[in-house]
$ cat target.csv   # CSV, C-alpha atoms
chain,number,residue,atom,x,y,z
A,1,MET,CA,9.1,2.9,0.1
A,2,VAL,CA,7.9,-0.2,-1.7
A,3,ILE,CA,6.9,-3.1,0.6
A,4,ASP,CA,6.6,-6.5,-0.9
A,5,ASP,CA,8.5,-9.7,-0.1
A,6,GLU,CA,8.6,-10.9,-3.7
A,7,VAL,CA,9.6,-7.6,-5.3
A,8,ALA,CA,12.4,-7.2,-2.7
A,9,GLU,CA,13.9,-10.4,-4.0
A,10,ASN,CA,13.3,-9.7,-7.7
A,11,ALA,CA,16.3,-7.9,-9.3
A,12,ILE,CA,14.4,-7.0,-12.5
A,13,GLU,CA,11.4,-5.5,-10.7
A,14,LYS,CA,13.7,-3.6,-8.3
A,15,SER,CA,15.7,-2.2,-11.3
A,16,GLY,CA,12.5,-1.0,-13.0
A,17,LEU,CA,11.3,0.7,-9.8
A,18,LYS,CA,14.7,2.4,-9.4
A,19,LEU,CA,14.6,3.7,-13.0
A,20,ALA,CA,11.1,5.1,-12.4
A,21,THR,CA,12.1,6.9,-9.2
A,22,PRO,CA,12.4,10.7,-9.8
A,23,PRO,CA,15.7,12.4,-9.1
A,24,GLY,CA,16.1,13.5,-5.5
A,25,VAL,CA,13.7,10.9,-4.2
A,26,LYS,CA,15.0,8.1,-1.9
A,27,LEU,CA,13.7,4.6,-2.7
A,28,SER,CA,13.6,1.6,-0.3
A,29,ILE,CA,12.3,-1.7,-1.6
A,30,LEU,CA,11.9,-3.9,1.4
A,31,PRO,CA,10.2,-7.1,2.6
A,32,VAL,CA,7.3,-6.2,4.9
A,33,ALA,CA,9.0,-7.4,8.1
A,34,LYS,CA,12.1,-5.4,7.4
A,35,ALA,CA,10.0,-2.3,6.6
A,36,ALA,CA,8.1,-2.7,9.9
A,37,GLU,CA,11.4,-3.1,11.8
A,38,ASN,CA,12.9,0.0,10.2
A,39,ILE,CA,9.8,2.2,10.7
A,40,LEU,CA,9.4,1.1,14.3
A,41,ALA,CA,13.1,1.8,14.9
A,42,GLY,CA,12.6,5.4,13.8
A,43,LYS,CA,14.8,5.1,10.7
A,44,TYR,CA,12.4,7.3,8.7
A,45,ASP,CA,11.3,9.8,11.4
A,46,SER,CA,13.0,12.7,9.8
A,47,GLN,CA,11.5,12.0,6.4
A,48,ARG,CA,8.1,12.2,4.7
A,49,LEU,CA,7.3,8.6,3.9
A,50,LEU,CA,5.1,7.3,1.1
A,51,ILE,CA,4.5,3.5,1.3
A,52,VAL,CA,3.4,1.7,-1.8
A,53,ALA,CA,2.4,-2.0,-2.0
A,54,ARG,CA,0.6,-4.1,-4.6
A,55,LYS,CA,-1.9,-5.7,-2.2
A,56,PRO,CA,-3.6,-4.6,1.0
A,57,ASP,CA,-2.3,-7.6,3.0
A,58,ARG,CA,1.1,-6.0,3.0
A,59,PHE,CA,-0.3,-3.0,4.9
A,60,LEU,CA,-2.2,-5.3,7.2
A,61,ARG,CA,1.0,-7.1,8.0
A,62,LEU,CA,2.7,-3.7,8.8
A,63,VAL,CA,-0.1,-2.7,11.1
A,64,GLU,CA,-0.1,-6.2,12.8
A,65,ALA,CA,3.7,-5.7,13.4
A,66,GLY,CA,2.9,-2.5,15.3
A,67,VAL,CA,3.2,0.2,12.6
A,68,GLN,CA,0.6,2.9,13.0
A,69,LEU,CA,-1.1,3.9,9.8
A,70,GLU,CA,-3.6,6.7,10.1
A,71,THR,CA,-4.9,6.7,6.5
A,72,LEU,CA,-4.4,4.4,3.6
A,73,ASN,CA,-5.3,5.7,0.1
A,74,VAL,CA,-6.3,2.8,-2.2
A,75,GLY,CA,-5.0,3.4,-5.7
A,76,ASN,CA,-4.9,1.5,-8.9
A,77,MET,CA,-5.4,-2.2,-8.4
A,78,SER,CA,-5.3,-4.1,-11.7
A,79,GLN,CA,-8.1,-6.1,-13.2
A,80,SER,CA,-7.9,-9.8,-13.9
A,81,ASP,CA,-10.3,-12.7,-14.4
A,82,GLU,CA,-10.5,-13.2,-10.6
A,83,THR,CA,-11.2,-9.6,-9.6
A,84,ARG,CA,-14.4,-7.6,-9.2
A,85,SER,CA,-14.5,-3.9,-9.9
A,86,ILE,CA,-14.9,-1.4,-7.1
A,87,THR,CA,-14.1,1.7,-9.2
A,88,ARG,CA,-12.8,2.1,-12.7
A,89,SER,CA,-9.3,1.6,-11.5
A,90,ILE,CA,-9.7,-0.5,-8.3
A,91,ASN,CA,-10.3,-4.2,-8.7
A,92,VAL,CA,-10.3,-6.6,-5.8
A,93,VAL,CA,-10.4,-10.3,-5.0
A,94,ASP,CA,-12.0,-11.6,-1.8
A,95,ALA,CA,-8.7,-11.7,0.1
A,96,ASP,CA,-8.2,-8.0,-0.6
A,97,VAL,CA,-11.7,-7.2,0.7
A,98,GLU,CA,-10.9,-9.2,3.9
A,99,ALA,CA,-7.6,-7.3,4.4
A,100,PHE,CA,-9.4,-4.0,3.9
A,101,HIS,CA,-12.0,-4.9,6.5
A,102,LYS,CA,-9.3,-5.9,9.0
A,103,LEU,CA,-7.4,-2.7,8.4
A,104,HIS,CA,-10.6,-0.7,9.0
A,105,GLU,CA,-11.3,-2.7,12.2
A,106,LYS,CA,-7.7,-1.8,13.4
A,107,GLY,CA,-8.6,1.9,13.0
A,108,VAL,CA,-7.0,2.7,9.6
A,109,LYS,CA,-9.0,5.2,7.6
A,110,LEU,CA,-9.4,3.9,4.0
A,111,THR,CA,-9.8,6.4,1.2
A,112,ALA,CA,-9.9,6.3,-2.6
A,113,GLN,CA,-8.4,9.2,-4.5
A,114,MET,CA,-6.6,8.6,-7.8
A,115,VAL,CA,-5.2,12.1,-8.3
A,116,PRO,CA,-5.0,15.1,-6.0
A,117,ASN,CA,-7.8,17.0,-7.8
A,118,ASP,CA,-10.3,14.1,-7.4
A,119,PRO,CA,-12.6,14.1,-4.4
A,120,VAL,CA,-11.6,11.9,-1.5
A,121,ALA,CA,-14.0,8.9,-1.3
A,122,ASP,CA,-14.6,6.7,1.8
A,123,PHE,CA,-13.3,3.4,0.5
A,124,MET,CA,-15.3,1.3,2.9
A,125,ASN,CA,-18.5,2.8,1.5
A,126,LEU,CA,-17.3,1.8,-2.0
A,127,LEU,CA,-16.8,-1.8,-0.8
A,128,LYS,CA,-20.4,-2.2,0.2
$ encode --input "target.csv" --output "structure tokens"
Amino acid sequence: MVIDDEVAENAIEKSGLKLATPPGVKLSILPVAKAAENILAGKYDSQRLLIVARKPDRFLRLVEAGVQLETLNVGNMSQSDETRSITRSINVVDADVEAFHKLHEKGVKLTAQMVPNDPVADFMNLLK
């Protein structure tokens, strides 16, 4: 599941994501509010659900809507002129850091692990 208000309205981005989805994998591309509504209604209870978003504020909005997230793995976040580097592949702006802190305060465990063979790092320790 991809949660992003802008992507959900962008036909080109949606098409690219659909093309990149492996056969046999179901894909939902939803605005955050609709994703929260569907999750809370139990629509995905019989499925294993992987939620992907560009920015941590999308996950914060899910949690604030009542969705329980136990663990959030922080993956690749692109570098730009406005970002600062946390790891080789995770770059953040101040708004991202604020969202991560709020998620942590709400009980979400934040980790960083790029691939399954990498060790799991406590992302909050990396933010310090």
$ atom_distance --input "target.csv" --atom1 "CA of Ser89 (chain A)" --atom2 "CA of Met77 (chain A)"
6.3 Å
$ residues_around --input "target.csv" --residues "Val2 (chain A)" --least-positions-apart "3" --cutoff "8 Å" --atoms "all atoms listed in the file" --output "ChimeraX atom specification"
/A:27-30,51-53
$ residues_around --input "target.csv" --residues "region 102-110 of chain A" --least-positions-apart "3" --cutoff "8 Å" --atoms "all atoms listed in the file" --output "PyMOL selection string"
chain A and resi 59-60+63+69-74+98-99+122-124
$ closest_residue --input "target.csv" --among "A:Pro23, A:Gly16, A:Gly42, A:Pro56" --to "Ile3 (chain A)" --atoms "all atoms listed in the file"
A:Pro56
$ atom_distance --input "target.csv" --atom1 "CA of Pro31 (chain A)" --atom2 "CA of Asp45 (chain A)"
19.1 Å
$ closest_residue --input "target.csv" --among "A:Glu13, A:Lys34, A:His101, A:Val25" --to "Gln47 (chain A)" --atoms "only C-alpha atoms"
A:Val25
$ atom_distance --input "target.csv" --atom1 "CA of Arg54 (chain A)" --atom2 "CA of Val93 (chain A)"
12.6 Å
$ closest_residue --input "target.csv" --among "A:Glu37, A:Asp81, A:Asp96, A:Asp5" --to "Gly66 (chain A)" --atoms "only C-alpha atoms"
A:Glu37
$ residues_around --input "target.csv" --residues "Leu126 (chain A)" --least-positions-apart "3" --cutoff "12 Å" --atoms "all atoms listed in the file" --output "list of chain:residue names"
A:Val74, A:Ser85, A:Ile86, A:Thr87, A:Arg88, A:Ile90, A:Asn91, A:Val92, A:Val97, A:Phe100, A:Leu110, A:Thr111, A:Ala112, A:Gln113, A:Val120, A:Ala121, A:Asp122, A:Phe123
$ write_last_selection --input "target.csv" --atoms "C-alpha atoms" --output "mmCIF file, keeping the file's coordinate frame"
data_model
loop_
_atom_site.group_PDB
_atom_site.id
_atom_site.type_symbol
_atom_site.label_atom_id
_atom_site.label_comp_id
_atom_site.auth_asym_id
_atom_site.auth_seq_id
_atom_site.Cartn_x
_atom_site.Cartn_y
_atom_site.Cartn_z
ATOM 1 C CA VAL A 74 -6.300 2.800 -2.200
ATOM 2 C CA SER A 85 -14.500 -3.900 -9.900
ATOM 3 C CA ILE A 86 -14.900 -1.400 -7.100
ATOM 4 C CA THR A 87 -14.100 1.700 -9.200
ATOM 5 C CA ARG A 88 -12.800 2.100 -12.700
ATOM 6 C CA ILE A 90 -9.700 -0.500 -8.300
ATOM 7 C CA ASN A 91 -10.300 -4.200 -8.700
ATOM 8 C CA VAL A 92 -10.300 -6.600 -5.800
ATOM 9 C CA VAL A 97 -11.700 -7.200 0.700
ATOM 10 C CA PHE A 100 -9.400 -4.000 3.900
ATOM 11 C CA LEU A 110 -9.400 3.900 4.000
ATOM 12 C CA THR A 111 -9.800 6.400 1.200
ATOM 13 C CA ALA A 112 -9.900 6.300 -2.600
ATOM 14 C CA GLN A 113 -8.400 9.200 -4.500
ATOM 15 C CA VAL A 120 -11.600 11.900 -1.500
ATOM 16 C CA ALA A 121 -14.000 8.900 -1.300
ATOM 17 C CA ASP A 122 -14.600 6.700 1.800
ATOM 18 C CA PHE A 123 -13.300 3.400 0.500
#
$ closest_residue --input "target.csv" --among "A:Asn76, A:Ala33, A:Leu49, A:Asp94" --to "Met1 (chain A)" --atoms "all atoms listed in the file"
A:Leu49
$ closest_residue --input "target.csv" --among "A:Thr83, A:Ala36, A:Ala65, A:Gly75" --to "Pro116 (chain A)" --atoms "all atoms listed in the file"
A:Gly75
$ closest_residue --input "target.csv" --among "A:Glu64, A:Lys43, A:Ala11, A:Glu82" --to "Ala95 (chain A)" --atoms "only C-alpha atoms"
A:Glu82
$ decode --input "target.csv" --residues "region 11-117 of chain A" --atoms "C-alpha atoms" --output "PDB file, in the first residue's frame"
ATOM      1  CA  ALA A  11      -1.936   9.173 -12.955  1.00  0.00           C
ATOM      2  CA  ILE A  12       1.675   9.023 -14.161  1.00  0.00           C
ATOM      3  CA  GLU A  13       3.110   8.148 -10.747  1.00  0.00           C
ATOM      4  CA  LYS A  14       0.341   5.621 -10.137  1.00  0.00           C
ATOM      5  CA  SER A  15       1.047   3.987 -13.488  1.00  0.00           C
ATOM      6  CA  GLY A  16       4.766   3.720 -12.691  1.00  0.00           C
ATOM      7  CA  LEU A  17       4.062   2.135  -9.320  1.00  0.00           C
ATOM      8  CA  LYS A  18       1.660  -0.354 -10.880  1.00  0.00           C
ATOM      9  CA  LEU A  19       4.267  -1.334 -13.478  1.00  0.00           C
ATOM     10  CA  ALA A  20       6.852  -1.885 -10.719  1.00  0.00           C
ATOM     11  CA  THR A  21       4.549  -4.113  -8.661  1.00  0.00           C
ATOM     12  CA  PRO A  22       5.533  -7.800  -8.839  1.00  0.00           C
ATOM     13  CA  PRO A  23       2.988 -10.284 -10.201  1.00  0.00           C
ATOM     14  CA  GLY A  24       0.691 -11.644  -7.513  1.00  0.00           C
ATOM     15  CA  VAL A  25       1.126  -8.607  -5.269  1.00  0.00           C
ATOM     16  CA  LYS A  26      -1.917  -6.428  -4.657  1.00  0.00           C
ATOM     17  CA  LEU A  27      -1.303  -2.676  -4.809  1.00  0.00           C
ATOM     18  CA  SER A  28      -3.361   0.098  -3.268  1.00  0.00           C
ATOM     19  CA  ILE A  29      -2.405   3.736  -3.822  1.00  0.00           C
ATOM     20  CA  LEU A  30      -4.490   5.805  -1.455  1.00  0.00           C
ATOM     21  CA  PRO A  31      -4.703   9.206   0.176  1.00  0.00           C
ATOM     22  CA  VAL A  32      -3.769   8.978   3.854  1.00  0.00           C
ATOM     23  CA  ALA A  33      -7.328   9.502   5.134  1.00  0.00           C
ATOM     24  CA  LYS A  34      -8.751   6.755   2.894  1.00  0.00           C
ATOM     25  CA  ALA A  35      -5.943   4.371   3.883  1.00  0.00           C
ATOM     26  CA  ALA A  36      -6.676   4.995   7.570  1.00  0.00           C
ATOM     27  CA  GLU A  37     -10.400   4.479   6.977  1.00  0.00           C
ATOM     28  CA  ASN A  38      -9.809   1.175   5.160  1.00  0.00           C
ATOM     29  CA  ILE A  39      -7.330  -0.125   7.738  1.00  0.00           C
ATOM     30  CA  LEU A  40      -9.579   0.779  10.670  1.00  0.00           C
ATOM     31  CA  ALA A  41     -12.551  -0.858   8.905  1.00  0.00           C
ATOM     32  CA  GLY A  42     -10.598  -4.124   8.765  1.00  0.00           C
ATOM     33  CA  LYS A  43     -10.365  -4.204   4.984  1.00  0.00           C
ATOM     34  CA  TYR A  44      -6.853  -5.674   5.108  1.00  0.00           C
ATOM     35  CA  ASP A  45      -7.184  -7.892   8.190  1.00  0.00           C
ATOM     36  CA  SER A  46      -6.743 -11.098   6.184  1.00  0.00           C
ATOM     37  CA  GLN A  47      -3.629  -9.797   4.408  1.00  0.00           C
ATOM     38  CA  ARG A  48      -0.028  -9.021   5.228  1.00  0.00           C
ATOM     39  CA  LEU A  49       0.226  -5.292   4.705  1.00  0.00           C
ATOM     40  CA  LEU A  50       3.325  -3.316   3.741  1.00  0.00           C
ATOM     41  CA  ILE A  51       2.768   0.428   3.867  1.00  0.00           C
ATOM     42  CA  VAL A  52       5.109   2.716   1.941  1.00  0.00           C
ATOM     43  CA  ALA A  53       5.226   6.516   1.964  1.00  0.00           C
ATOM     44  CA  ARG A  54       7.646   9.185   0.832  1.00  0.00           C
ATOM     45  CA  LYS A  55       7.626  11.164   4.042  1.00  0.00           C
ATOM     46  CA  PRO A  56       7.127  10.341   7.728  1.00  0.00           C
ATOM     47  CA  ASP A  57       4.276  12.828   8.120  1.00  0.00           C
ATOM     48  CA  ARG A  58       2.055  10.388   6.191  1.00  0.00           C
ATOM     49  CA  PHE A  59       2.647   7.738   8.861  1.00  0.00           C
ATOM     50  CA  LEU A  60       2.067  10.301  11.608  1.00  0.00           C
ATOM     51  CA  ARG A  61      -1.296  11.154  10.056  1.00  0.00           C
ATOM     52  CA  LEU A  62      -2.184   7.434   9.976  1.00  0.00           C
ATOM     53  CA  VAL A  63      -1.347   7.068  13.663  1.00  0.00           C
ATOM     54  CA  GLU A  64      -3.225  10.256  14.559  1.00  0.00           C
ATOM     55  CA  ALA A  65      -6.257   8.805  12.724  1.00  0.00           C
ATOM     56  CA  GLY A  66      -6.170   5.782  15.031  1.00  0.00           C
ATOM     57  CA  VAL A  67      -4.108   3.261  13.054  1.00  0.00           C
ATOM     58  CA  GLN A  68      -1.736   1.344  15.309  1.00  0.00           C
ATOM     59  CA  LEU A  69       1.786   0.960  13.979  1.00  0.00           C
ATOM     60  CA  GLU A  70       4.110  -1.160  16.067  1.00  0.00           C
ATOM     61  CA  THR A  71       7.288  -0.639  14.045  1.00  0.00           C
ATOM     62  CA  LEU A  72       8.225   1.693  11.224  1.00  0.00           C
ATOM     63  CA  ASN A  73      11.347   0.905   9.224  1.00  0.00           C
ATOM     64  CA  VAL A  74      12.845   4.071   7.765  1.00  0.00           C
ATOM     65  CA  GLY A  75      14.224   3.335   4.316  1.00  0.00           C
ATOM     66  CA  ASN A  76      15.680   5.378   1.517  1.00  0.00           C
ATOM     67  CA  MET A  77      14.961   9.094   1.768  1.00  0.00           C
ATOM     68  CA  SER A  78      16.512  11.082  -1.071  1.00  0.00           C
ATOM     69  CA  GLN A  79      19.099  13.786  -0.691  1.00  0.00           C
ATOM     70  CA  SER A  80      18.452  17.376  -1.730  1.00  0.00           C
ATOM     71  CA  ASP A  81      19.879  20.815  -0.965  1.00  0.00           C
ATOM     72  CA  GLU A  82      17.560  21.091   2.057  1.00  0.00           C
ATOM     73  CA  THR A  83      18.318  17.715   3.665  1.00  0.00           C
ATOM     74  CA  ARG A  84      20.902  16.543   6.141  1.00  0.00           C
ATOM     75  CA  SER A  85      22.290  13.039   6.080  1.00  0.00           C
ATOM     76  CA  ILE A  86      21.393  10.532   8.814  1.00  0.00           C
ATOM     77  CA  THR A  87      22.835   7.481   7.012  1.00  0.00           C
ATOM     78  CA  ARG A  88      24.157   6.959   3.483  1.00  0.00           C
ATOM     79  CA  SER A  89      20.611   6.515   2.207  1.00  0.00           C
ATOM     80  CA  ILE A  90      18.467   8.448   4.697  1.00  0.00           C
ATOM     81  CA  ASN A  91      18.347  12.228   4.387  1.00  0.00           C
ATOM     82  CA  VAL A  92      15.902  14.395   6.309  1.00  0.00           C
ATOM     83  CA  VAL A  93      14.617  17.922   6.682  1.00  0.00           C
ATOM     84  CA  ASP A  94      13.543  19.389  10.027  1.00  0.00           C
ATOM     85  CA  ALA A  95       9.869  18.551   9.380  1.00  0.00           C
ATOM     86  CA  ASP A  96      10.822  14.885   8.927  1.00  0.00           C
ATOM     87  CA  VAL A  97      12.738  14.878  12.214  1.00  0.00           C
ATOM     88  CA  GLU A  98       9.749  16.429  13.978  1.00  0.00           C
ATOM     89  CA  ALA A  99       7.412  13.773  12.527  1.00  0.00           C
ATOM     90  CA  PHE A 100       9.788  10.982  13.591  1.00  0.00           C
ATOM     91  CA  HIS A 101       9.897  12.348  17.143  1.00  0.00           C
ATOM     92  CA  LYS A 102       6.095  12.554  17.288  1.00  0.00           C
ATOM     93  CA  LEU A 103       5.760   8.986  15.998  1.00  0.00           C
ATOM     94  CA  HIS A 104       8.235   7.833  18.648  1.00  0.00           C
ATOM     95  CA  GLU A 105       6.290   9.706  21.359  1.00  0.00           C
ATOM     96  CA  LYS A 106       3.143   7.870  20.211  1.00  0.00           C
ATOM     97  CA  GLY A 107       4.849   4.528  20.817  1.00  0.00           C
ATOM     98  CA  VAL A 108       5.974   3.646  17.299  1.00  0.00           C
ATOM     99  CA  LYS A 109       9.332   1.855  17.275  1.00  0.00           C
ATOM    100  CA  LEU A 110      11.511   3.395  14.564  1.00  0.00           C
ATOM    101  CA  THR A 111      14.194   1.276  12.922  1.00  0.00           C
ATOM    102  CA  ALA A 112      16.594   1.587  10.005  1.00  0.00           C
ATOM    103  CA  GLN A 113      17.434  -1.497   7.951  1.00  0.00           C
ATOM    104  CA  MET A 114      17.957  -1.132   4.208  1.00  0.00           C
ATOM    105  CA  VAL A 115      18.028  -4.846   3.342  1.00  0.00           C
ATOM    106  CA  PRO A 116      17.143  -7.942   5.397  1.00  0.00           C
ATOM    107  CA  ASN A 117      20.800  -8.923   5.925  1.00  0.00           C
TER     108      ASN A 117
END
